[in-house]
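Some notes on the structure that comes next.
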Amino acid sequence: MILFEHVGKTYPNGVRGLDDICLSVEQGEFVAVIGLSGAGKSTLIRTINRMIDITDGRLTVDGTDVRTLKGAALRRFRRRIGMIFQSFNLVTRATVLQNVLTARVPDLPLWRAVLGVFPQEDTLSALAALDRVGILEKAYTRVDQLSGGQQQRVALARTLAQNPQIILADEPVAALDPVTARQVMDDFKRINRDLRITVLLNIHHVDLALEYADRVVGIRAGRVVFDGAADQVDQAVLDAVYGGKAGADA
Ligand code: ADP
């Protein structure tokens with residue numbers, strides 16, 4: 001369980017990114033975080049794997065206080081949390097399979113990592129991850145030959161290869177056309193359902209959030225203004241989140 005207790009974040013320049021966030025997310029939930037640009041969606045997601053440090057309150061994942069982790073314990077903790085970005089973050093001149101296998105590097109002896117010699121079981125699990133996101137036939141293709149949607153699927157497969165318990169995604173479909181965005185959201189949904197991996201993603205397309213997520217968290221100026229089932233989101237909720245400019249992205 002991910003538990004935010006009165007969490008706040010003040011950036012060094014004094015900007016209040018998060019303010020008094022109280023949320024709990026159970027294992028296996030699919031949560032979409034919605035809000036205007038600058039509302040704090042990305043800050044919220046990034047506190048969970050401590051890409052961003054909180055400045056107030058308490059944040060725990062399965063009882064572990066995220067703020068106390070350092071060194072090897074922090075690295076181990078981060079291995080359980082996959083992260084997907086809008087910009088895919090792949091090595092575009094390497095093959096799809098090589099990209100997925102990089103997820104295994106932290107678990108390997110140095111010589112294997114340096115030589116790129118992976119145990120057969122790692123290769124098999126990387127291929128299984130590619131199969132799960134429907135791009136197994138691209139395993140030996142260079143990433144720069146793939147479409148944006150296919151590249152995001154490679155990123156998803158790479159995350160799966162690290163056997164995460166939670167996947168965080170920061171605007172994962174913002175760079176994709178509407179049809180491809182749906183395909184990638186289908187992958188998230190399938191992974192969430194079949195593997196019971198918690199999925200928490202930021203998304204500024206309200207329609208996709210409502211269609212795919214079980215639960216929606218609306219934030220505005222760093223505060224939670226709505227937290228409930230996707231089918232409870234009505235015009236009043238959208239007004240609370242977007243200030244009467246439903247669907248707008250300021
Ligand atoms: P969103 O993801 O909803 O667009 P962010 O979490 O990126 O919002 O930003 C929330 C607020 O924090 C914004 O006012 C933004 O300008 C500010 N912010 C984000 N990152 C930083 C930073 N590194 N330093 C200072 N302010 C930041």
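Labeling convention for the structure tokens: chains A, B, ... as they appear, residues from 1 per chain, ligands from 1 in order of appearance.
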**OP:** Compute the set of protein, DNA and RNA residues whose minimum atom distance to ligand 1 is at most 10 Å, using only C-alpha atoms and all ligand atoms, and state it as a ChimeraX atom specification.
**Re:** /A:9-18,33-47,52,170-171,202-204,219-222,249-250
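When the distance limit is 7 Å and only C-alpha atoms are what count, the residues near stretch 158-168 of chain A, minus those fewer than 2 positions from it on the same chain, are Ile45, Arg79, Arg80, Ile81, Gly82, Met83, Ile84, Asn99, Val100, Leu101, Ala103, Arg104, Ser125, Ala126, Ala129, Val154, Ala155, Leu156, Asp170, Ile197, Thr198, Val199, Leu200 and Leu201 of chain A.
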Subject >> Distance criterion (only C-alpha atoms): nearest to A:Gln86 out of A:Gly28, A:Gly71, A:Gly116, A:Gly149 >> reply: A:Gly149
Which of stretch 115-169 of chain A fall in alpha helix (DSSP H), as a PDB file with all heavy atoms, in the first residue's frame:
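Once everything was written out, this is states-v2.pdb:
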ATOM      1  N   LEU A 115      29.967  -6.963 -20.361  1.00  0.00           N
ATOM      2  CA  LEU A 115      30.024  -7.687 -21.640  1.00  0.00           C
ATOM      3  C   LEU A 115      28.646  -7.820 -22.294  1.00  0.00           C
ATOM      4  O   LEU A 115      28.543  -8.222 -23.448  1.00  0.00           O
ATOM      5  CB  LEU A 115      30.614  -9.090 -21.436  1.00  0.00           C
ATOM      6  CG  LEU A 115      32.062  -9.128 -20.949  1.00  0.00           C
ATOM      7  CD1 LEU A 115      32.517 -10.566 -20.738  1.00  0.00           C
ATOM      8  CD2 LEU A 115      32.989  -8.421 -21.938  1.00  0.00           C
ATOM      9  N   GLN A 120      20.294 -16.893 -19.620  1.00  0.00           N
ATOM     10  CA  GLN A 120      19.207 -17.242 -20.530  1.00  0.00           C
ATOM     11  C   GLN A 120      17.836 -16.912 -19.927  1.00  0.00           C
ATOM     12  O   GLN A 120      16.934 -16.485 -20.629  1.00  0.00           O
ATOM     13  CB  GLN A 120      19.297 -18.728 -20.858  1.00  0.00           C
ATOM     14  CG  GLN A 120      18.431 -19.081 -22.043  1.00  0.00           C
ATOM     15  CD  GLN A 120      18.457 -20.573 -22.337  1.00  0.00           C
ATOM     16  OE1 GLN A 120      18.744 -21.385 -21.470  1.00  0.00           O
ATOM     17  NE2 GLN A 120      18.162 -20.921 -23.560  1.00  0.00           N
ATOM     18  N   GLU A 121      17.729 -17.086 -18.605  1.00  0.00           N
ATOM     19  CA  GLU A 121      16.418 -16.821 -17.997  1.00  0.00           C
ATOM     20  C   GLU A 121      16.043 -15.342 -18.116  1.00  0.00           C
ATOM     21  O   GLU A 121      14.867 -14.996 -18.236  1.00  0.00           O
ATOM     22  CB  GLU A 121      16.394 -17.275 -16.530  1.00  0.00           C
ATOM     23  CG  GLU A 121      17.315 -16.490 -15.644  1.00  0.00           C
ATOM     24  CD  GLU A 121      17.547 -17.177 -14.309  1.00  0.00           C
ATOM     25  OE1 GLU A 121      18.246 -18.203 -14.288  1.00  0.00           O
ATOM     26  OE2 GLU A 121      17.035 -16.665 -13.314  1.00  0.00           O
ATOM     27  N   ASP A 122      17.060 -14.453 -18.092  1.00  0.00           N
ATOM     28  CA  ASP A 122      16.773 -13.026 -18.268  1.00  0.00           C
ATOM     29  C   ASP A 122      16.284 -12.750 -19.686  1.00  0.00           C
ATOM     30  O   ASP A 122      15.351 -11.979 -19.899  1.00  0.00           O
ATOM     31  CB  ASP A 122      18.021 -12.181 -17.997  1.00  0.00           C
ATOM     32  CG  ASP A 122      18.300 -12.045 -16.509  1.00  0.00           C
ATOM     33  OD1 ASP A 122      17.526 -12.611 -15.720  1.00  0.00           O
ATOM     34  OD2 ASP A 122      19.285 -11.388 -16.153  1.00  0.00           O
ATOM     35  N   THR A 123      16.944 -13.396 -20.655  1.00  0.00           N
ATOM     36  CA  THR A 123      16.522 -13.205 -22.045  1.00  0.00           C
ATOM     37  C   THR A 123      15.099 -13.719 -22.226  1.00  0.00           C
ATOM     38  O   THR A 123      14.263 -13.070 -22.863  1.00  0.00           O
ATOM     39  CB  THR A 123      17.486 -13.939 -22.997  1.00  0.00           C
ATOM     40  OG1 THR A 123      18.809 -13.465 -22.713  1.00  0.00           O
ATOM     41  CG2 THR A 123      17.159 -13.655 -24.449  1.00  0.00           C
ATOM     42  N   LEU A 124      14.809 -14.882 -21.637  1.00  0.00           N
ATOM     43  CA  LEU A 124      13.466 -15.443 -21.769  1.00  0.00           C
ATOM     44  C   LEU A 124      12.430 -14.532 -21.116  1.00  0.00           C
ATOM     45  O   LEU A 124      11.354 -14.294 -21.670  1.00  0.00           O
ATOM     46  CB  LEU A 124      13.402 -16.846 -21.150  1.00  0.00           C
ATOM     47  CG  LEU A 124      14.185 -17.917 -21.919  1.00  0.00           C
ATOM     48  CD1 LEU A 124      14.143 -19.251 -21.178  1.00  0.00           C
ATOM     49  CD2 LEU A 124      13.632 -18.074 -23.340  1.00  0.00           C
ATOM     50  N   SER A 125      12.760 -13.984 -19.950  1.00  0.00           N
ATOM     51  CA  SER A 125      11.753 -13.137 -19.300  1.00  0.00           C
ATOM     52  C   SER A 125      11.611 -11.812 -20.047  1.00  0.00           C
ATOM     53  O   SER A 125      10.516 -11.240 -20.100  1.00  0.00           O
ATOM     54  CB  SER A 125      12.014 -12.967 -17.804  1.00  0.00           C
ATOM     55  OG  SER A 125      13.042 -12.060 -17.598  1.00  0.00           O
ATOM     56  N   ALA A 126      12.683 -11.330 -20.671  1.00  0.00           N
ATOM     57  CA  ALA A 126      12.572 -10.109 -21.492  1.00  0.00           C
ATOM     58  C   ALA A 126      11.674 -10.377 -22.703  1.00  0.00           C
ATOM     59  O   ALA A 126      10.821  -9.553 -23.057  1.00  0.00           O
ATOM     60  CB  ALA A 126      13.960  -9.657 -21.947  1.00  0.00           C
ATOM     61  N   LEU A 127      11.837 -11.546 -23.311  1.00  0.00           N
ATOM     62  CA  LEU A 127      10.991 -11.890 -24.465  1.00  0.00           C
ATOM     63  C   LEU A 127       9.535 -12.049 -24.025  1.00  0.00           C
ATOM     64  O   LEU A 127       8.607 -11.623 -24.722  1.00  0.00           O
ATOM     65  CB  LEU A 127      11.497 -13.168 -25.136  1.00  0.00           C
ATOM     66  CG  LEU A 127      12.863 -13.026 -25.834  1.00  0.00           C
ATOM     67  CD1 LEU A 127      13.407 -14.395 -26.257  1.00  0.00           C
ATOM     68  CD2 LEU A 127      12.785 -12.094 -27.048  1.00  0.00           C
ATOM     69  N   ALA A 128       9.344 -12.610 -22.831  1.00  0.00           N
ATOM     70  CA  ALA A 128       7.969 -12.764 -22.319  1.00  0.00           C
ATOM     71  C   ALA A 128       7.335 -11.391 -22.085  1.00  0.00           C
ATOM     72  O   ALA A 128       6.144 -11.183 -22.361  1.00  0.00           O
ATOM     73  CB  ALA A 128       7.980 -13.577 -21.022  1.00  0.00           C
ATOM     74  N   ALA A 129       8.141 -10.439 -21.599  1.00  0.00           N
ATOM     75  CA  ALA A 129       7.619  -9.079 -21.362  1.00  0.00           C
ATOM     76  C   ALA A 129       7.231  -8.431 -22.698  1.00  0.00           C
ATOM     77  O   ALA A 129       6.196  -7.768 -22.797  1.00  0.00           O
ATOM     78  CB  ALA A 129       8.662  -8.227 -20.641  1.00  0.00           C
ATOM     79  N   LEU A 130       8.049  -8.660 -23.727  1.00  0.00           N
ATOM     80  CA  LEU A 130       7.722  -8.106 -25.055  1.00  0.00           C
ATOM     81  C   LEU A 130       6.447  -8.732 -25.604  1.00  0.00           C
ATOM     82  O   LEU A 130       5.624  -8.063 -26.232  1.00  0.00           O
ATOM     83  CB  LEU A 130       8.886  -8.333 -26.025  1.00  0.00           C
ATOM     84  CG  LEU A 130      10.095  -7.432 -25.764  1.00  0.00           C
ATOM     85  CD1 LEU A 130      11.293  -7.890 -26.586  1.00  0.00           C
ATOM     86  CD2 LEU A 130       9.747  -5.984 -26.088  1.00  0.00           C
ATOM     87  N   ASP A 131       6.277 -10.020 -25.339  1.00  0.00           N
ATOM     88  CA  ASP A 131       5.075 -10.713 -25.780  1.00  0.00           C
ATOM     89  C   ASP A 131       3.843 -10.109 -25.094  1.00  0.00           C
ATOM     90  O   ASP A 131       2.803  -9.893 -25.700  1.00  0.00           O
ATOM     91  CB  ASP A 131       5.218 -12.205 -25.443  1.00  0.00           C
ATOM     92  CG  ASP A 131       4.179 -13.038 -26.173  1.00  0.00           C
ATOM     93  OD1 ASP A 131       3.709 -12.596 -27.234  1.00  0.00           O
ATOM     94  OD2 ASP A 131       3.844 -14.124 -25.673  1.00  0.00           O
ATOM     95  N   ARG A 132       3.992  -9.790 -23.821  1.00  0.00           N
ATOM     96  CA  ARG A 132       2.869  -9.264 -23.049  1.00  0.00           C
ATOM     97  C   ARG A 132       2.370  -7.923 -23.592  1.00  0.00           C
ATOM     98  O   ARG A 132       1.194  -7.590 -23.492  1.00  0.00           O
ATOM     99  CB  ARG A 132       3.274  -9.118 -21.574  1.00  0.00           C
ATOM    100  CG  ARG A 132       2.120  -8.971 -20.644  1.00  0.00           C
ATOM    101  CD  ARG A 132       2.537  -9.099 -19.216  1.00  0.00           C
ATOM    102  NE  ARG A 132       2.647 -10.465 -18.752  1.00  0.00           N
ATOM    103  CZ  ARG A 132       1.613 -11.249 -18.464  1.00  0.00           C
ATOM    104  NH1 ARG A 132       0.388 -10.813 -18.619  1.00  0.00           N
ATOM    105  NH2 ARG A 132       1.803 -12.464 -18.033  1.00  0.00           N
ATOM    106  N   GLY A 148       6.225   5.719 -32.246  1.00  0.00           N
ATOM    107  CA  GLY A 148       6.182   6.181 -30.857  1.00  0.00           C
ATOM    108  C   GLY A 148       5.441   5.213 -29.948  1.00  0.00           C
ATOM    109  O   GLY A 148       5.873   4.916 -28.837  1.00  0.00           O
ATOM    110  N   GLY A 149       4.331   4.689 -30.427  1.00  0.00           N
ATOM    111  CA  GLY A 149       3.544   3.757 -29.615  1.00  0.00           C
ATOM    112  C   GLY A 149       4.322   2.478 -29.326  1.00  0.00           C
ATOM    113  O   GLY A 149       4.304   1.955 -28.208  1.00  0.00           O
ATOM    114  N   GLN A 150       5.032   2.008 -30.355  1.00  0.00           N
ATOM    115  CA  GLN A 150       5.840   0.798 -30.150  1.00  0.00           C
ATOM    116  C   GLN A 150       6.976   1.086 -29.164  1.00  0.00           C
ATOM    117  O   GLN A 150       7.306   0.244 -28.325  1.00  0.00           O
ATOM    118  CB  GLN A 150       6.400   0.314 -31.490  1.00  0.00           C
ATOM    119  CG  GLN A 150       5.323  -0.295 -32.382  1.00  0.00           C
ATOM    120  CD  GLN A 150       5.806  -0.503 -33.807  1.00  0.00           C
ATOM    121  OE1 GLN A 150       6.696   0.188 -34.304  1.00  0.00           O
ATOM    122  NE2 GLN A 150       5.216  -1.474 -34.486  1.00  0.00           N
ATOM    123  N   GLN A 151       7.545   2.276 -29.249  1.00  0.00           N
ATOM    124  CA  GLN A 151       8.634   2.617 -28.318  1.00  0.00           C
ATOM    125  C   GLN A 151       8.115   2.675 -26.880  1.00  0.00           C
ATOM    126  O   GLN A 151       8.796   2.224 -25.956  1.00  0.00           O
ATOM    127  CB  GLN A 151       9.270   3.948 -28.705  1.00  0.00           C
ATOM    128  CG  GLN A 151      10.045   3.840 -30.010  1.00  0.00           C
ATOM    129  CD  GLN A 151      10.945   5.044 -30.269  1.00  0.00           C
ATOM    130  OE1 GLN A 151      11.423   5.690 -29.356  1.00  0.00           O
ATOM    131  NE2 GLN A 151      11.183   5.322 -31.534  1.00  0.00           N
ATOM    132  N   GLN A 152       6.900   3.193 -26.699  1.00  0.00           N
ATOM    133  CA  GLN A 152       6.380   3.239 -25.333  1.00  0.00           C
ATOM    134  C   GLN A 152       6.113   1.811 -24.835  1.00  0.00           C
ATOM    135  O   GLN A 152       6.274   1.517 -23.652  1.00  0.00           O
ATOM    136  CB  GLN A 152       5.107   4.107 -25.262  1.00  0.00           C
ATOM    137  CG  GLN A 152       4.659   4.463 -23.862  1.00  0.00           C
ATOM    138  CD  GLN A 152       5.725   5.206 -23.049  1.00  0.00           C
ATOM    139  OE1 GLN A 152       6.792   4.656 -22.760  1.00  0.00           O
ATOM    140  NE2 GLN A 152       5.447   6.434 -22.661  1.00  0.00           N
ATOM    141  N   ARG A 153       5.763   0.924 -25.746  1.00  0.00           N
ATOM    142  CA  ARG A 153       5.570  -0.477 -25.337  1.00  0.00           C
ATOM    143  C   ARG A 153       6.897  -1.126 -24.941  1.00  0.00           C
ATOM    144  O   ARG A 153       6.941  -1.947 -24.033  1.00  0.00           O
ATOM    145  CB  ARG A 153       4.938  -1.265 -26.467  1.00  0.00           C
ATOM    146  CG  ARG A 153       3.502  -0.864 -26.636  1.00  0.00           C
ATOM    147  CD  ARG A 153       2.925  -1.504 -27.829  1.00  0.00           C
ATOM    148  NE  ARG A 153       1.528  -1.772 -27.587  1.00  0.00           N
ATOM    149  CZ  ARG A 153       0.700  -2.187 -28.517  1.00  0.00           C
ATOM    150  NH1 ARG A 153       1.136  -2.441 -29.724  1.00  0.00           N
ATOM    151  NH2 ARG A 153      -0.554  -2.394 -28.228  1.00  0.00           N
ATOM    152  N   VAL A 154       7.969  -0.756 -25.624  1.00  0.00           N
ATOM    153  CA  VAL A 154       9.297  -1.263 -25.234  1.00  0.00           C
ATOM    154  C   VAL A 154       9.611  -0.774 -23.820  1.00  0.00           C
ATOM    155  O   VAL A 154      10.089  -1.541 -22.968  1.00  0.00           O
ATOM    156  CB  VAL A 154      10.399  -0.798 -26.222  1.00  0.00           C
ATOM    157  CG1 VAL A 154      11.769  -1.277 -25.748  1.00  0.00           C
ATOM    158  CG2 VAL A 154      10.110  -1.290 -27.633  1.00  0.00           C
ATOM    159  N   ALA A 155       9.323   0.509 -23.572  1.00  0.00           N
ATOM    160  CA  ALA A 155       9.578   1.059 -22.232  1.00  0.00           C
ATOM    161  C   ALA A 155       8.770   0.295 -21.180  1.00  0.00           C
ATOM    162  O   ALA A 155       9.265  -0.006 -20.087  1.00  0.00           O
ATOM    163  CB  ALA A 155       9.242   2.542 -22.202  1.00  0.00           C
ATOM    164  N   LEU A 156       7.541  -0.050 -21.538  1.00  0.00           N
ATOM    165  CA  LEU A 156       6.688  -0.801 -20.613  1.00  0.00           C
ATOM    166  C   LEU A 156       7.255  -2.214 -20.387  1.00  0.00           C
ATOM    167  O   LEU A 156       7.303  -2.703 -19.252  1.00  0.00           O
ATOM    168  CB  LEU A 156       5.281  -0.862 -21.213  1.00  0.00           C
ATOM    169  CG  LEU A 156       4.076  -1.014 -20.321  1.00  0.00           C
ATOM    170  CD1 LEU A 156       4.157  -0.170 -19.071  1.00  0.00           C
ATOM    171  CD2 LEU A 156       2.819  -0.649 -21.112  1.00  0.00           C
ATOM    172  N   ALA A 157       7.716  -2.838 -21.454  1.00  0.00           N
ATOM    173  CA  ALA A 157       8.309  -4.179 -21.323  1.00  0.00           C
ATOM    174  C   ALA A 157       9.582  -4.123 -20.471  1.00  0.00           C
ATOM    175  O   ALA A 157       9.820  -4.996 -19.640  1.00  0.00           O
ATOM    176  CB  ALA A 157       8.626  -4.753 -22.707  1.00  0.00           C
ATOM    177  N   ARG A 158      10.372  -3.068 -20.655  1.00  0.00           N
ATOM    178  CA  ARG A 158      11.602  -2.927 -19.856  1.00  0.00           C
ATOM    179  C   ARG A 158      11.242  -2.810 -18.377  1.00  0.00           C
ATOM    180  O   ARG A 158      11.893  -3.409 -17.513  1.00  0.00           O
ATOM    181  CB  ARG A 158      12.372  -1.681 -20.326  1.00  0.00           C
ATOM    182  CG  ARG A 158      13.676  -1.472 -19.574  1.00  0.00           C
ATOM    183  CD  ARG A 158      14.391  -0.213 -20.029  1.00  0.00           C
ATOM    184  NE  ARG A 158      13.517   0.947 -19.931  1.00  0.00           N
ATOM    185  CZ  ARG A 158      13.836   2.162 -20.359  1.00  0.00           C
ATOM    186  NH1 ARG A 158      15.009   2.362 -20.947  1.00  0.00           N
ATOM    187  NH2 ARG A 158      12.991   3.152 -20.238  1.00  0.00           N
ATOM    188  N   THR A 159      10.190  -2.061 -18.102  1.00  0.00           N
ATOM    189  CA  THR A 159       9.744  -1.927 -16.716  1.00  0.00           C
ATOM    190  C   THR A 159       9.263  -3.269 -16.166  1.00  0.00           C
ATOM    191  O   THR A 159       9.579  -3.635 -15.034  1.00  0.00           O
ATOM    192  CB  THR A 159       8.615  -0.875 -16.656  1.00  0.00           C
ATOM    193  OG1 THR A 159       9.204   0.376 -16.957  1.00  0.00           O
ATOM    194  CG2 THR A 159       7.969  -0.808 -15.318  1.00  0.00           C
ATOM    195  N   LEU A 160       8.528  -4.014 -16.993  1.00  0.00           N
ATOM    196  CA  LEU A 160       8.041  -5.333 -16.543  1.00  0.00           C
ATOM    197  C   LEU A 160       9.182  -6.276 -16.227  1.00  0.00           C
ATOM    198  O   LEU A 160       9.092  -7.096 -15.317  1.00  0.00           O
ATOM    199  CB  LEU A 160       7.160  -5.967 -17.617  1.00  0.00           C
ATOM    200  CG  LEU A 160       5.766  -5.387 -17.777  1.00  0.00           C
ATOM    201  CD1 LEU A 160       5.044  -6.106 -18.902  1.00  0.00           C
ATOM    202  CD2 LEU A 160       4.982  -5.506 -16.468  1.00  0.00           C
TER     203      LEU A 160
END
Original post:
Mind checking DSSP for stretch 23-245 of chain A and telling me the strand (DSSP E) residues as a PyMOL selection string?
Top reply: chain A and resi 23-25+30-34+56-61+64-65+81-85+166-170+198-202+215-220+223-229
